[in-house]
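Enquirer: Sending over data_15.tsv (TSV, C-alpha atoms).
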chain	number	residue	atom	x	y	z
A	125	MET	CA	-37.53	-6.58	-1.14
A	126	GLU	CA	-40.39	-9.04	-1.56
A	127	ASP	CA	-40.20	-11.83	-4.11
A	128	TRP	CA	-40.76	-11.26	-7.82
A	129	SER	CA	-44.04	-12.43	-9.38
A	130	ALA	CA	-43.70	-14.94	-12.21
A	131	ARG	CA	-47.38	-14.48	-13.08
A	132	GLN	CA	-46.99	-10.71	-13.51
A	133	TYR	CA	-43.79	-11.11	-15.51
A	134	LEU	CA	-45.37	-13.59	-17.91
A	135	LYS	CA	-48.26	-11.30	-18.83
A	136	PHE	CA	-45.97	-10.10	-21.63
A	137	GLU	CA	-44.08	-13.33	-22.27
A	138	ASP	CA	-43.91	-13.00	-26.06
A	139	GLU	CA	-42.44	-9.50	-25.91
A	140	ARG	CA	-40.06	-10.36	-23.08
A	141	THR	CA	-38.77	-13.43	-24.95
A	142	ARG	CA	-37.79	-11.55	-28.10
A	143	PRO	CA	-34.52	-10.13	-26.68
A	144	PRO	CA	-33.14	-13.48	-25.43
A	145	ARG	CA	-34.05	-15.02	-28.79
A	146	ASP	CA	-32.14	-12.25	-30.56
A	147	LEU	CA	-29.19	-12.67	-28.18
A	148	LEU	CA	-29.07	-16.43	-28.62
A	149	ALA	CA	-28.98	-16.05	-32.41
A	150	GLN	CA	-25.55	-14.44	-32.05
A	151	VAL	CA	-24.00	-17.10	-29.79
A	152	PRO	CA	-21.23	-18.80	-31.83
A	153	LEU	CA	-21.47	-22.27	-30.27
A	154	GLN	CA	-22.59	-25.56	-31.79
A	155	HIS	CA	-22.14	-28.21	-29.12
A	156	PRO	CA	-21.65	-26.75	-25.64
A	157	ARG	CA	-21.36	-29.18	-22.76
A	158	LEU	CA	-22.85	-27.08	-19.95
A	159	VAL	CA	-25.08	-24.05	-20.40
A	160	VAL	CA	-26.20	-21.84	-17.50
A	161	ASP	CA	-29.09	-19.37	-17.69
A	162	LEU	CA	-28.15	-16.67	-15.17
A	163	GLY	CA	-31.33	-15.06	-13.89
A	164	CYS	CA	-33.57	-17.57	-15.62
A	165	GLY	CA	-36.83	-16.08	-14.32
A	166	PRO	CA	-39.85	-18.28	-15.08
A	167	GLY	CA	-37.90	-20.35	-17.61
A	168	ASN	CA	-38.85	-18.66	-20.89
A	169	SER	CA	-35.19	-17.99	-21.76
A	170	THR	CA	-34.12	-21.43	-20.45
A	171	GLU	CA	-36.58	-23.02	-22.86
A	172	LEU	CA	-34.83	-21.28	-25.76
A	173	LEU	CA	-31.49	-22.71	-24.62
A	174	LEU	CA	-32.90	-26.24	-24.38
A	175	GLU	CA	-34.31	-25.96	-27.90
A	176	ARG	CA	-31.05	-24.61	-29.35
A	177	PHE	CA	-28.74	-27.04	-27.51
A	178	PRO	CA	-30.71	-30.27	-26.88
A	179	GLN	CA	-27.52	-32.24	-26.27
A	180	ALA	CA	-26.23	-29.90	-23.56
A	181	GLU	CA	-26.76	-29.92	-19.82
A	182	VAL	CA	-28.79	-26.77	-19.16
A	183	ILE	CA	-29.09	-25.21	-15.69
A	184	GLY	CA	-31.26	-22.26	-14.73
A	185	LEU	CA	-30.22	-20.04	-11.85
A	186	ASP	CA	-32.29	-17.38	-10.09
A	187	SER	CA	-32.66	-15.77	-6.66
A	188	SER	CA	-36.48	-15.71	-6.76
A	189	PRO	CA	-38.33	-18.72	-5.31
A	190	ASP	CA	-41.51	-17.83	-7.23
A	191	MET	CA	-39.67	-17.56	-10.55
A	192	LEU	CA	-37.95	-20.89	-9.89
A	193	ARG	CA	-41.22	-22.56	-8.97
A	194	LYS	CA	-42.73	-21.51	-12.29
A	195	ALA	CA	-39.59	-22.52	-14.19
A	196	ARG	CA	-39.63	-26.01	-12.65
A	197	GLU	CA	-43.30	-26.43	-13.57
A	198	ARG	CA	-42.56	-25.35	-17.11
A	199	LEU	CA	-39.39	-27.40	-17.63
A	200	PRO	CA	-39.40	-30.37	-15.22
A	201	GLN	CA	-36.58	-32.01	-17.17
A	202	CYS	CA	-34.24	-29.11	-16.38
A	203	THR	CA	-32.20	-28.33	-13.27
A	204	PHE	CA	-32.93	-25.04	-11.51
A	205	VAL	CA	-30.85	-23.61	-8.67
A	206	GLU	CA	-31.57	-20.79	-6.23
A	207	ALA	CA	-28.46	-18.61	-5.99
A	208	ASP	CA	-27.16	-15.04	-6.16
A	209	ILE	CA	-25.37	-14.28	-9.43
A	210	ALA	CA	-23.11	-11.78	-7.68
A	211	SER	CA	-21.36	-14.53	-5.68
A	212	TRP	CA	-22.05	-17.61	-7.81
A	213	ALA	CA	-19.13	-19.43	-9.46
A	214	ALA	CA	-19.33	-21.41	-12.70
A	215	ASP	CA	-18.42	-25.08	-13.06
A	216	PRO	CA	-15.16	-25.40	-15.07
A	217	ARG	CA	-17.09	-27.36	-17.73
A	218	THR	CA	-19.32	-24.37	-18.52
A	219	ASP	CA	-19.25	-23.36	-22.19
A	220	LEU	CA	-22.05	-20.77	-22.16
A	221	LEU	CA	-23.18	-18.26	-19.57
A	222	PHE	CA	-26.42	-16.71	-20.80
A	223	ALA	CA	-28.09	-13.78	-19.04
A	224	ASN	CA	-31.38	-12.21	-20.09
A	225	ALA	CA	-32.23	-8.96	-18.28
A	226	SER	CA	-30.63	-9.89	-14.97
A	227	PHE	CA	-27.24	-8.20	-14.56
A	228	GLN	CA	-28.67	-4.66	-14.55
A	229	TRP	CA	-29.96	-5.38	-11.03
A	230	LEU	CA	-26.46	-5.99	-9.63
A	231	PRO	CA	-24.73	-2.90	-8.18
A	232	ASP	CA	-21.27	-3.81	-9.53
A	233	HIS	CA	-22.29	-5.96	-12.46
A	234	PRO	CA	-19.41	-5.05	-14.85
A	235	HIS	CA	-16.87	-6.61	-12.50
A	236	VAL	CA	-19.09	-9.64	-11.94
A	237	LEU	CA	-19.20	-10.06	-15.73
A	238	ARG	CA	-15.41	-9.85	-15.86
A	239	ARG	CA	-15.02	-12.45	-13.11
A	240	LEU	CA	-17.41	-14.87	-14.80
A	241	LEU	CA	-15.83	-14.38	-18.22
A	242	GLU	CA	-12.35	-15.05	-16.83
A	243	ALA	CA	-13.56	-18.35	-15.36
A	244	LEU	CA	-14.73	-19.72	-18.72
A	245	PRO	CA	-12.56	-22.15	-20.72
A	246	ALA	CA	-11.07	-21.09	-24.05
A	247	GLY	CA	-13.90	-20.68	-26.54
A	248	GLY	CA	-16.51	-20.31	-23.81
A	249	VAL	CA	-19.11	-17.60	-24.31
A	250	LEU	CA	-20.65	-14.97	-22.05
A	251	ALA	CA	-23.86	-13.67	-23.64
A	252	VAL	CA	-25.71	-10.87	-21.86
A	253	GLN	CA	-28.72	-8.66	-22.56
A	254	MET	CA	-29.75	-5.77	-20.32
A	255	PRO	CA	-32.45	-3.10	-20.52
A	256	ASP	CA	-30.85	0.28	-21.23
A	257	ASN	CA	-33.97	2.33	-20.63
A	258	THR	CA	-33.37	4.39	-17.49
A	259	ARG	CA	-33.64	7.59	-19.58
A	260	GLU	CA	-36.95	6.56	-21.16
A	261	PRO	CA	-40.20	8.22	-19.96
A	262	SER	CA	-41.25	4.93	-18.35
A	263	HIS	CA	-38.39	5.17	-15.87
A	264	VAL	CA	-38.07	8.94	-15.58
A	265	LEU	CA	-41.71	9.01	-14.48
A	266	GLN	CA	-41.14	6.29	-11.90
A	267	ARG	CA	-38.51	8.47	-10.30
A	268	GLU	CA	-40.78	11.52	-10.44
A	269	VAL	CA	-43.61	9.70	-8.65
A	270	ALA	CA	-41.18	8.31	-6.08
A	271	ALA	CA	-39.99	11.83	-5.29
A	272	ASN	CA	-43.50	13.19	-4.70
A	273	GLY	CA	-45.76	11.48	-2.22
A	274	PRO	CA	-46.03	10.02	1.29
A	275	TRP	CA	-43.35	7.46	0.37
A	276	THR	CA	-40.58	9.98	-0.38
A	277	ASP	CA	-38.69	9.20	2.85
A	278	ASN	CA	-39.05	5.44	2.49
A	279	PRO	CA	-35.47	4.13	2.18
A	280	GLU	CA	-36.48	1.26	-0.11
A	281	VAL	CA	-38.31	3.61	-2.45
A	282	LYS	CA	-35.28	5.91	-2.47
A	283	ALA	CA	-33.04	2.96	-3.37
A	284	ALA	CA	-35.38	1.56	-6.03
A	285	PRO	CA	-34.19	3.40	-9.18
A	286	ARG	CA	-31.64	1.53	-11.29
A	287	SER	CA	-28.46	3.32	-12.25
A	288	ASP	CA	-27.72	4.02	-15.91
A	289	LEU	CA	-25.72	1.31	-17.63
A	290	PRO	CA	-22.08	2.10	-18.39
A	291	ALA	CA	-21.24	3.15	-21.95
A	292	PRO	CA	-20.37	0.36	-24.42
A	293	GLU	CA	-16.76	1.59	-24.41
A	294	GLU	CA	-16.49	0.76	-20.71
A	295	TYR	CA	-17.65	-2.81	-21.22
A	296	TYR	CA	-15.26	-3.14	-24.16
A	297	ASP	CA	-12.25	-1.95	-22.14
A	298	LEU	CA	-13.15	-4.17	-19.16
A	299	LEU	CA	-14.02	-7.40	-20.98
A	300	GLY	CA	-11.97	-7.08	-24.16
A	301	PRO	CA	-8.57	-7.85	-22.58
A	302	VAL	CA	-9.76	-11.29	-21.38
A	303	CYS	CA	-11.59	-12.51	-24.47
A	304	SER	CA	-10.71	-13.41	-28.05
A	305	ARG	CA	-13.76	-11.69	-29.55
A	306	ILE	CA	-16.42	-9.31	-28.30
A	307	ASP	CA	-19.57	-7.94	-29.91
A	308	ILE	CA	-21.54	-5.11	-28.31
A	309	TRP	CA	-24.69	-3.61	-29.77
A	310	HIS	CA	-27.98	-1.92	-28.96
A	311	SER	CA	-31.43	-2.85	-30.19
A	312	ILE	CA	-34.48	-0.65	-29.74
A	313	TYR	CA	-37.79	-2.46	-29.53
A	314	ASN	CA	-41.10	-0.68	-30.03
A	315	HIS	CA	-43.58	-2.91	-28.24
A	316	VAL	CA	-47.22	-2.42	-29.17
A	317	MET	CA	-49.24	-1.97	-25.98
A	318	ALA	CA	-53.05	-1.99	-25.95
A	319	THR	CA	-53.31	1.09	-23.71
A	320	PRO	CA	-51.09	3.26	-21.47
A	321	PRO	CA	-52.17	1.20	-18.41
A	322	ALA	CA	-50.71	-1.84	-20.20
A	323	ILE	CA	-47.31	-0.15	-19.90
A	324	VAL	CA	-47.89	0.07	-16.16
A	325	GLU	CA	-48.75	-3.64	-16.09
A	326	TRP	CA	-45.51	-4.40	-17.96
A	327	PHE	CA	-43.35	-2.60	-15.42
A	328	LYS	CA	-45.25	-4.02	-12.43
A	329	GLY	CA	-43.44	-7.23	-13.42
A	330	SER	CA	-40.00	-5.60	-13.46
A	331	ALA	CA	-38.87	-2.03	-12.74
A	332	LEU	CA	-41.81	-0.99	-10.55
A	333	GLN	CA	-41.43	-3.94	-8.22
A	334	PRO	CA	-38.63	-2.40	-6.08
A	335	TYR	CA	-40.73	0.74	-5.59
A	336	LEU	CA	-43.92	-1.10	-4.65
A	337	SER	CA	-42.60	-3.97	-2.54
A	338	SER	CA	-42.18	-1.92	0.66
A	339	LEU	CA	-45.51	-0.05	0.40
A	340	ASP	CA	-48.79	-1.10	1.97
A	341	ALA	CA	-51.80	-1.77	-0.26
A	342	ALA	CA	-53.21	1.76	-0.05
A	343	ALA	CA	-49.87	3.41	-0.80
A	344	ARG	CA	-49.29	1.04	-3.73
A	345	GLU	CA	-52.59	2.04	-5.26
A	346	LYS	CA	-51.76	5.74	-4.86
A	347	PHE	CA	-48.31	5.23	-6.38
A	348	LEU	CA	-49.72	3.29	-9.33
A	349	ALA	CA	-52.50	5.82	-9.90
A	350	ALA	CA	-50.02	8.70	-10.02
A	351	TYR	CA	-47.70	6.74	-12.33
A	352	THR	CA	-50.55	5.69	-14.63
A	353	GLU	CA	-51.65	9.30	-15.01
A	354	LYS	CA	-48.14	10.35	-16.02
A	355	ILE	CA	-47.74	7.40	-18.40
A	356	ALA	CA	-51.03	8.27	-20.12
A	357	ALA	CA	-49.74	11.80	-20.73
A	358	ALA	CA	-46.35	10.64	-22.02
A	359	TYR	CA	-47.38	7.79	-24.31
A	360	LYS	CA	-49.89	9.08	-26.85
A	361	PRO	CA	-52.30	6.72	-28.63
A	362	ARG	CA	-51.48	5.88	-32.24
A	363	PHE	CA	-54.02	5.70	-35.08
A	364	ASP	CA	-55.65	2.57	-33.64
A	365	GLY	CA	-55.68	3.68	-30.00
A	366	LYS	CA	-52.66	1.57	-29.06
A	367	VAL	CA	-49.37	2.94	-27.75
A	368	LEU	CA	-45.74	2.13	-28.49
A	369	LEU	CA	-43.36	1.33	-25.64
A	370	ARG	CA	-39.88	2.29	-26.81
A	371	PHE	CA	-37.43	-0.09	-25.14
A	372	PRO	CA	-33.63	0.11	-25.75
A	373	ARG	CA	-31.53	-2.88	-24.75
A	374	LEU	CA	-27.77	-3.50	-24.64
A	375	PHE	CA	-26.32	-6.80	-25.90
A	376	ILE	CA	-22.86	-8.28	-25.25
A	377	VAL	CA	-21.42	-11.52	-26.64
A	378	ALA	CA	-17.88	-12.20	-25.41
A	379	VAL	CA	-15.85	-15.26	-26.44
A	380	ARG	CA	-13.08	-16.32	-24.04
What does this structure look like when you write it as structure tokens?

Expert:
Amino acid sequence: MEDWSARQYLKFEDERTRPPRDLLAQVPLQHPRLVVDLGCGPGNSTELLLERFPQAEVIGLDSSPDMLRKARERLPQCTFVEADIASWAADPRTDLLFANASFQWLPDHPHVLRRLLEALPAGGVLAVQMPDNTREPSHVLQREVAANGPWTDNPEVKAAPRSDLPAPEEYYDLLGPVCSRIDIWHSIYNHVMATPPAIVEWFKGSALQPYLSSLDAAAREKFLAAYTEKIAAAYKPRFDGKVLLRFPRLFIVAVR
């Protein structure tokens, strides 16, 4: 899959930064030594960590060179590392592992979460937020378009859909035995979008990227046109012509 686009992602920076801000508000730490932003993207979530914990060493980690380039431009005083979360190991001094919308991309992310939580010192915190929207029209329609068109036999397009997240009970049973406290909750955001095509622009920076990355320019345009038509039918304008993007997210804060 081709690299992620920091520019596309940041078109909706304010909306995308609300969930990590809400997650961080529930982190029960005052003076962590080392904080790691797992899947830091262009640095918007890392910036929140630096503001909350100015005395801490803060490291951002991501697998995308373009995201890391933007993050380094934004926060030159911070350390950013290119690495794969699935195989990365935390420094023993780490007091907070923070992850904003990154673990849902890992095939076996629950067990990666368990491994990372077990490696934290007593009192260390694993704080995670993941989109839980695979049943929303935005994602159902992506799968419908992928199943109908000249790209239907493309193996990357076939592999693009994310799996549903496990139920909260599964995270509780997996992580609960190795932590002293765990909080799990859902929040549903209703983001105000200017038009239905704005919803398409939003997902071009995230969930659509695995579908589009293997297509040539002409096929991308056809895919996006078909998706935009379906989005316009599914998300009806409100009184002012704008549309609401319903966006459920799952939050986990586990204390070792």

Enquirer: Could you give me, as a ChimeraX atom specification, the residues within 12 Å of Val249 (chain A), counting all atoms listed in the file and dropping anything in the same chain fewer than 4 positions from it?

Expert: /A:147-148,150-154,156-160,217-223,237,240-245,299,302-307,376-380

Enquirer: Check the smallest atom-to-atom distance from each of A:Pro372, A:Gly165, A:Gly184, A:Pro361 to Phe204 (chain A) using only C-alpha atoms, then report the winner.

Expert: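 Once distances to Phe204 (chain A) are computed over only C-alpha atoms, the minimum belongs to A:Gly184.
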
Enquirer: Using all atoms listed in the file, can you tell me which of A:Leu289, A:Val252, A:Ile323, A:Leu199 comes closest to Pro144 (chain A)?

Expert: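 Distance minimum relative to Pro144 (chain A) lands on A:Val252.
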
Enquirer: Skipping near chain neighbours, those fewer than 5 positions away, what residues fall within 12 Å of Ala331 (chain A) using all atoms listed in the file, listed as a list of chain:residue names?

Expert: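 Close residues of Ala331 (chain A): A:Trp128, A:Gln132, A:Tyr133, A:Ala225, A:Ser226, A:Gln228, A:Trp229, A:Pro255, A:Asp256, A:Asn257, A:Thr258, A:Ser262, A:His263, A:Val264, A:Leu265, A:Gln266, A:Arg267, A:Val281, A:Ala284, A:Pro285, A:Arg286, A:Ser287, A:Ile323, A:Val324, A:Glu325, A:Trp326, A:Leu336, A:Ser337.
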
Enquirer: Nearest residue to Arg142 (chain A) out of A:Ser187, A:Asn272, A:Asn314, A:Thr203, using all atoms listed in the file?

Expert: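 Of the candidates, the smallest distance to Arg142 (chain A) is held by A:Asn314.
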
Enquirer: Find the distance between CA of Phe177 (chain A) and CA of Gln253 (chain A) and write it in Å to one decimal.

Expert: 19.0 Å

Enquirer: One number please: CA of Ala213 (chain A) to CA of Glu181 (chain A), in Å, one decimal.

Expert: 16.6 Å
